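Novice: Before I ask anything, here is the structure I am working with.
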Amino acid sequence: MKSRTSLLVFVLTLAAALVFLAGCAKKPVTAKVQAPPPAPPQPTVTLTVNPTDIQQGQTANLTWESQNATSVTLESVGTVDASGSRSVNPSESTSYRIIAKGPGGTADATARLTVSAPAAAAASVEPTLRELFERNVKDAYFAYDSYKLDTEDQQLVASSAKFLQEHPELKFTVEGHCDERGSEEYNLALGASRAQAVKEALAAQGIDGSRVETTSVGKEKPFCTESNEECWHSNRRGHYILP
């Protein structure tokens with residue numbers, strides 16, 4: 001009995017010792033983990049061209065800006081500053097590309113410049129002598145049933161004579177015209193008188209009569225076919241014709 005009691009005491013003492021030892025054991029130390037450093041920012045870059053359309057020989061302006069880049073390269077030019085501008089004048093349409101590189105990666109941008117050939121200058125064409133004649137020799141007009149030139153038409157004849165004096169090689173015809181009123185025979189005669197009146201007025205301005213033929217068409221070749229005073233006045237004239 002004594003031995004059992006001793007064994008029980010021993011067991012309890014051992015258990016108490018183990019519990020004590022467990023309570024006195026050091027708690028485990030948890031190691032601290034450092035957070036990784038933040039990733040470097042991604043580079044950015046922009047590229048613009050102004051104007052976007054030019055003609056050959058003209059100049060445009062490239063402008064760029066980058067951030068977070070350690071090197072910036074403009075293709076066909078080379079390394080450039082992070083931000084800047086440059087004048088360009090290519091002979092043909094060109095696409096420009098810029099590349100920005102940094103610890104955070106690479107970025108690029110493009111800009112298109114359209115180049116067109118200059119418009120062909122209109123060929124300078126000298127007017128023909130006929131065109132000059134039609135431009136500078138103006139018809140003379142007459143009052144109803146008259147072959148006398150008034151002051152205004154005398155001035156027209158003088159202006160025409162000035163051109164004709166500058167071109168003595170020109171020979172021409174003066175046609176006498178009438179409006180629709182009156183008989184055919186009467187108007188043929190009146191037309192002849194009007195053509196002759198213009199010839200005489202030219203002679204007074206120094207134009208040799210050998211250069212001037214006269215004829216009458218009466219009312220057969222009207223310039224205007226309406227029956228009103230404006231139209232009739234248009235048909236009463238001495239009309240110049242270059243063969």
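Convention: chains lettered A, B, ... in structure tokens order; per-chain residue numbering from 1; ligands numbered from 1 as shown.
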Could you give me the residues within region 26-235 of chain A that DSSP places in helix (DSSP H, G or I), as JSON, numbers by chain?
Specialist: {"A": [129, 130, 131, 132, 133, 134, 135, 136, 151, 152, 153, 154, 155, 156, 157, 158, 159, 160, 161, 162, 163, 164, 165, 166, 184, 185, 186, 187, 188, 189, 190, 191, 192, 193, 194, 195, 196, 197, 198, 199, 200, 201, 202, 203, 204, 209, 210, 211, 229, 230, 231, 232, 233, 234, 235]}
Novice: Leaving out Thr70 (chain A) and any residue of its chain fewer than 6 positions from it, which residues lie within 10 Å of it when counting only C-alpha atoms, given as a list in words?
Specialist: Pro43, Asp81, Ala82, Ala100, Lys101, Gly102, Pro103 and Gly104 of chain A
Novice: Selected residues, C-alpha atoms, written as a tab-separated table (two decimals), in the first residue's frame, please.
Specialist:
```
chain	number	residue	atom	x	y	z
A	43	PRO	CA	7.10	55.95	-69.18
A	81	ASP	CA	15.63	65.66	-74.74
A	82	ALA	CA	12.70	64.43	-72.70
A	100	ALA	CA	10.67	56.66	-74.53
A	101	LYS	CA	12.45	54.10	-72.30
A	102	GLY	CA	12.80	53.96	-68.53
A	103	PRO	CA	13.00	51.54	-65.61
A	104	GLY	CA	9.26	51.04	-65.87
```
Novice: Run DSSP on the backbone and tell me which residues of region 80-237 of chain A come out as strand (DSSP E or B); list them as an MDAnalysis selection string.
Specialist: chainID A and resid 80 83:88 94:102 105:116 140:141 172:177 212:218 237
Novice: Selection from above, C-alpha atoms, as a compact mmCIF listing (two decimals), in the first residue's frame, can you write it?
Specialist:
```txt
# COMPACT_ATOMS: atom_id res chain seq x y z
CA VAL A 80 16.50 63.92 -78.00
CA SER A 83 10.62 67.33 -74.04
CA GLY A 84 11.26 69.59 -77.00
CA SER A 85 10.45 70.57 -80.57
CA ARG A 86 12.08 70.48 -84.00
CA SER A 87 11.34 71.94 -87.43
CA VAL A 88 11.09 69.47 -90.31
CA THR A 94 6.37 61.03 -93.48
CA SER A 95 5.31 59.23 -90.29
CA TYR A 96 7.44 60.25 -87.30
CA ARG A 97 7.87 57.88 -84.30
CA ILE A 98 9.28 58.64 -80.87
CA ILE A 99 10.29 56.02 -78.27
CA ALA A 100 10.67 56.66 -74.53
CA LYS A 101 12.45 54.10 -72.30
CA GLY A 102 12.80 53.96 -68.53
CA GLY A 105 9.24 49.95 -69.51
CA THR A 106 8.86 51.51 -72.97
CA ALA A 107 6.29 53.84 -74.57
CA ASP A 108 6.02 55.23 -78.09
CA ALA A 109 3.94 57.70 -80.13
CA THR A 110 3.62 58.61 -83.83
CA ALA A 111 2.61 61.65 -85.87
CA ARG A 112 1.87 61.82 -89.62
CA LEU A 113 2.91 64.76 -91.82
CA THR A 114 1.32 64.87 -95.29
CA VAL A 115 3.38 66.58 -97.99
CA SER A 116 1.82 67.51 -101.33
CA ALA A 140 -20.37 102.04 -132.11
CA TYR A 141 -24.15 102.55 -131.59
CA PHE A 172 -11.04 94.59 -140.93
CA THR A 173 -14.65 95.14 -141.94
CA VAL A 174 -17.29 97.39 -140.38
CA GLU A 175 -20.84 96.01 -140.68
CA GLY A 176 -23.81 98.38 -140.53
CA HIS A 177 -26.76 96.96 -138.52
CA VAL A 212 -11.33 99.28 -143.61
CA GLU A 213 -14.01 97.52 -145.66
CA THR A 214 -17.69 98.41 -145.13
CA THR A 215 -20.83 96.40 -145.67
CA SER A 216 -24.49 96.50 -144.63
CA VAL A 217 -26.62 93.67 -143.31
CA GLY A 218 -29.64 95.89 -142.52
CA ARG A 237 -24.61 99.53 -134.51
```
Novice: Quick one: residues within 10 Å of Lys162 (chain A), only C-alpha atoms counted, chain neighbours fewer than 2 positions away excluded, as a list in words?
Specialist: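 With the cut-off at 10 Å, the set is Asn136, Val137, Val157, Ala158, Ser159, Ser160, Leu164, Gln165, Glu166, His167, Leu202, Gln205, Gly206 and Ile207 of chain A.
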Novice: Write out as an MDAnalysis selection string each polymer residue whose atoms come within 12 Å of region 185-191 of chain A, counting only C-alpha atoms; drop sequence neighbours fewer than 2 positions from it.
Specialist: chainID A and resid 141:148 174:183 193:198 214:221 235:239
Novice: Can I get the selection written as a CSV table (one decimal), in the first residue's frame, with N, CA and C atoms?
Specialist:
```csv
chain,number,residue,atom,x,y,z
A,141,TYR,N,-22.7,102.7,-131.6
A,141,TYR,CA,-24.2,102.6,-131.6
A,141,TYR,C,-24.8,103.8,-132.1
A,142,PHE,N,-26.0,103.7,-132.6
A,142,PHE,CA,-26.7,104.8,-133.3
A,142,PHE,C,-28.1,105.0,-132.7
A,143,ALA,N,-28.6,106.2,-132.8
A,143,ALA,CA,-30.0,106.5,-132.4
A,143,ALA,C,-30.9,106.0,-133.5
A,144,TYR,N,-32.2,105.9,-133.2
A,144,TYR,CA,-33.2,105.4,-134.2
A,144,TYR,C,-33.2,106.3,-135.5
A,145,ASP,N,-33.1,105.6,-136.6
A,145,ASP,CA,-33.2,106.2,-137.9
A,145,ASP,C,-32.1,107.2,-138.1
A,146,SER,N,-30.9,106.9,-137.6
A,146,SER,CA,-29.8,107.9,-137.7
A,146,SER,C,-28.5,107.2,-138.0
A,147,TYR,N,-27.6,107.9,-138.7
A,147,TYR,CA,-26.3,107.3,-138.9
A,147,TYR,C,-25.2,108.3,-138.4
A,148,LYS,N,-25.6,109.1,-137.4
A,148,LYS,CA,-24.7,110.1,-136.8
A,148,LYS,C,-24.2,109.5,-135.5
A,174,VAL,N,-16.3,96.8,-141.2
A,174,VAL,CA,-17.3,97.4,-140.4
A,174,VAL,C,-18.6,97.1,-141.0
A,175,GLU,N,-19.5,96.4,-140.2
A,175,GLU,CA,-20.8,96.0,-140.7
A,175,GLU,C,-21.8,97.0,-140.1
A,176,GLY,N,-22.8,97.5,-141.0
A,176,GLY,CA,-23.8,98.4,-140.5
A,176,GLY,C,-25.1,97.6,-140.2
A,177,HIS,N,-25.6,97.7,-139.0
A,177,HIS,CA,-26.8,97.0,-138.5
A,177,HIS,C,-27.9,97.9,-138.2
A,178,CYS,N,-29.1,97.4,-138.3
A,178,CYS,CA,-30.3,98.2,-138.0
A,178,CYS,C,-31.3,97.3,-137.1
A,179,ASP,N,-32.3,98.0,-136.5
A,179,ASP,CA,-33.3,97.2,-135.8
A,179,ASP,C,-34.3,96.7,-136.8
A,180,GLU,N,-35.3,96.0,-136.2
A,180,GLU,CA,-36.3,95.3,-137.1
A,180,GLU,C,-37.3,96.2,-137.8
A,181,ARG,N,-37.4,97.5,-137.4
A,181,ARG,CA,-38.4,98.4,-137.9
A,181,ARG,C,-38.0,98.9,-139.3
A,182,GLY,N,-38.9,99.1,-140.2
A,182,GLY,CA,-38.6,99.6,-141.5
A,182,GLY,C,-38.5,98.5,-142.5
A,183,SER,N,-38.5,98.8,-143.8
A,183,SER,CA,-38.4,97.8,-144.8
A,183,SER,C,-36.9,97.3,-144.9
A,193,SER,N,-24.9,103.5,-144.5
A,193,SER,CA,-24.5,104.8,-144.0
A,193,SER,C,-23.9,104.7,-142.7
A,194,ARG,N,-24.3,103.8,-141.8
A,194,ARG,CA,-23.8,103.7,-140.5
A,194,ARG,C,-22.3,103.1,-140.6
A,195,ALA,N,-22.1,102.1,-141.4
A,195,ALA,CA,-20.8,101.6,-141.6
A,195,ALA,C,-19.8,102.6,-142.1
A,196,GLN,N,-20.3,103.4,-143.1
A,196,GLN,CA,-19.5,104.5,-143.6
A,196,GLN,C,-19.1,105.6,-142.6
A,197,ALA,N,-20.1,105.8,-141.7
A,197,ALA,CA,-19.9,106.8,-140.7
A,197,ALA,C,-18.8,106.4,-139.7
A,198,VAL,N,-18.7,105.1,-139.4
A,198,VAL,CA,-17.7,104.6,-138.5
A,198,VAL,C,-16.3,104.7,-139.2
A,214,THR,N,-16.4,98.2,-145.7
A,214,THR,CA,-17.7,98.4,-145.1
A,214,THR,C,-18.7,97.6,-145.8
A,215,THR,N,-19.7,97.2,-145.1
A,215,THR,CA,-20.8,96.4,-145.7
A,215,THR,C,-22.1,96.6,-144.8
A,216,SER,N,-23.2,96.3,-145.4
A,216,SER,CA,-24.5,96.5,-144.6
A,216,SER,C,-25.2,95.2,-144.6
A,217,VAL,N,-25.8,94.8,-143.4
A,217,VAL,CA,-26.6,93.7,-143.3
A,217,VAL,C,-28.0,94.1,-143.0
A,218,GLY,N,-28.3,95.4,-142.8
A,218,GLY,CA,-29.6,95.9,-142.5
A,218,GLY,C,-30.1,95.3,-141.2
A,219,LYS,N,-31.3,94.7,-141.3
A,219,LYS,CA,-31.9,94.1,-140.1
A,219,LYS,C,-31.8,92.5,-140.1
A,220,GLU,N,-31.0,92.0,-141.0
A,220,GLU,CA,-31.0,90.5,-141.2
A,220,GLU,C,-30.1,89.8,-140.2
A,221,LYS,N,-29.3,90.4,-139.5
A,221,LYS,CA,-28.4,89.7,-138.5
A,221,LYS,C,-28.5,90.4,-137.1
A,235,ASN,N,-29.2,96.5,-131.6
A,235,ASN,CA,-29.1,96.1,-133.0
A,235,ASN,C,-28.7,97.3,-133.9
A,236,ARG,N,-28.8,98.5,-133.4
A,236,ARG,CA,-28.4,99.7,-134.2
A,236,ARG,C,-26.9,100.0,-134.0
A,237,ARG,N,-26.0,99.4,-134.8
A,237,ARG,CA,-24.6,99.5,-134.5
A,237,ARG,C,-23.7,99.4,-135.8
A,238,GLY,N,-22.5,99.8,-135.6
A,238,GLY,CA,-21.4,99.6,-136.5
A,238,GLY,C,-20.5,98.5,-135.9
A,239,HIS,N,-20.5,97.3,-136.5
A,239,HIS,CA,-19.9,96.2,-135.9
A,239,HIS,C,-18.6,95.8,-136.6
```
